[in-house]
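To start, the structure under review is shown below, and the notes come after it.
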Amino acid sequence: MVWKTKSTQTKPSRSNGTGNGHFEPPPEIVDFLIKVRTFLAEGRYKDAVEMISHSKHKSLWHTNANGVCLLRMNRAHDAVSLFRGLLFSANGIMLREDMPIVFKTNFATALLASGNFEGCLSILQEINDESNARVQQLRGAIQRFRASLSLLKRWQWRMGFYFPSGPIAMDFPLGELM
């Protein structure tokens with residue numbers, strides 16, 4: 001079940017006012033996200049989706065949480081569609097700057113989990129925050145994959161003749177709520 005966003009959603013609140021994508025969820029949503037996190041930790045992904053869909057609040061944080069659930073349920077392609085609708089501006093070319101980095105790293109994770117390496121790398125480049133732990137984890141997963149390729153495949157990839165297909169192993173939980 002893919003949960004669609006509504007135009008009446010609350011916007012993420014900026015935690016530091018710098019405009020660099022560091023946001024915190026509003027206080028009324030934090031408790032809800034903690035409950036979702038508990039379901040996720042217990043592997044109860046469908047229960048988490050059910051709770052999100054029946055929530056009286058409809059925020060961008062709820063949409064993000066739904067995307068995380070889709071990732072954890074191995075539905076990366078559905079998560080990509082959900083995050084694409086959440087993050088792209090009206091022209092569909094650039095990521096919205098007014099969105100939290102966690103939403104963007106979740107999108108990059110969904111792209112990588114669906115086998116779209118170049119899309120993931122493009123999003124990571126646009127995020128442009130190498131100090132972010134999730135950015136480092138994603139880049140590390142890609143680097144480990146590259147290292148596992150033969151010298152010829154690595155050269156072909158670098159030259160643009162080889163495009164890996166299919167997801168790669170990631171040694172961290174897919175998606176973050178906050």
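Letters for chains follow the order of the structure tokens (A, B, ...), residue numbers begin at 1 for each chain, and ligand numbers begin at 1 in the order shown.
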Checklist line | Residues flagged helix (DSSP H, G or I) by DSSP in stretch 7-116 of chain A, as an MDAnalysis selection string | finding: chainID A and resid 27:41 45:53 60:72 76:87 101:113
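Coordinates place atom CA of A:Ser131 at a distance of 17.9 Å from atom CA of A:Glu97.
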Check: Mind pulling up the distance from atom CA of A:Asn128 to atom CA of A:Glu24?
Finding: 19.0 Å
Tell me, as a compact mmCIF listing (two decimals) with C-alpha atoms, in the first residue's frame, which residues lie within 10 Å of A:Cys69, counting only C-alpha atoms; anything in the same chain fewer than 6 positions away does not count.
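Output saved as selection_15.txt:
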```
# COMPACT_ATOMS: atom_id res chain seq x y z
CA VAL A 36 6.75 3.63 14.30
CA ARG A 37 10.43 3.13 15.15
CA PHE A 39 7.37 -1.40 15.17
CA LEU A 40 10.29 -1.26 12.73
CA GLY A 43 10.12 -6.20 12.30
CA ARG A 44 6.40 -5.36 12.34
CA TYR A 45 6.47 -3.39 9.09
CA LYS A 46 2.87 -4.01 8.09
CA ASP A 47 1.70 -2.86 11.54
CA ALA A 48 3.74 0.31 11.11
CA VAL A 49 2.17 0.97 7.68
CA ILE A 52 0.68 5.45 9.54
CA THR A 63 5.08 10.01 4.18
CA ARG A 75 9.62 -2.76 -1.85
CA ALA A 76 12.35 -0.40 -3.02
CA ALA A 79 9.68 3.60 -2.04
CA LEU A 174 17.27 0.68 5.16
CA GLY A 175 15.75 4.08 5.81
CA GLU A 176 15.65 6.42 8.78
CA LEU A 177 12.66 8.11 10.40
```
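The residue that comes closest to A:Asp98, out of A:Leu86, A:Ser59, A:Gly115, A:Glu50 and on the basis of only C-alpha atoms, is A:Leu86.
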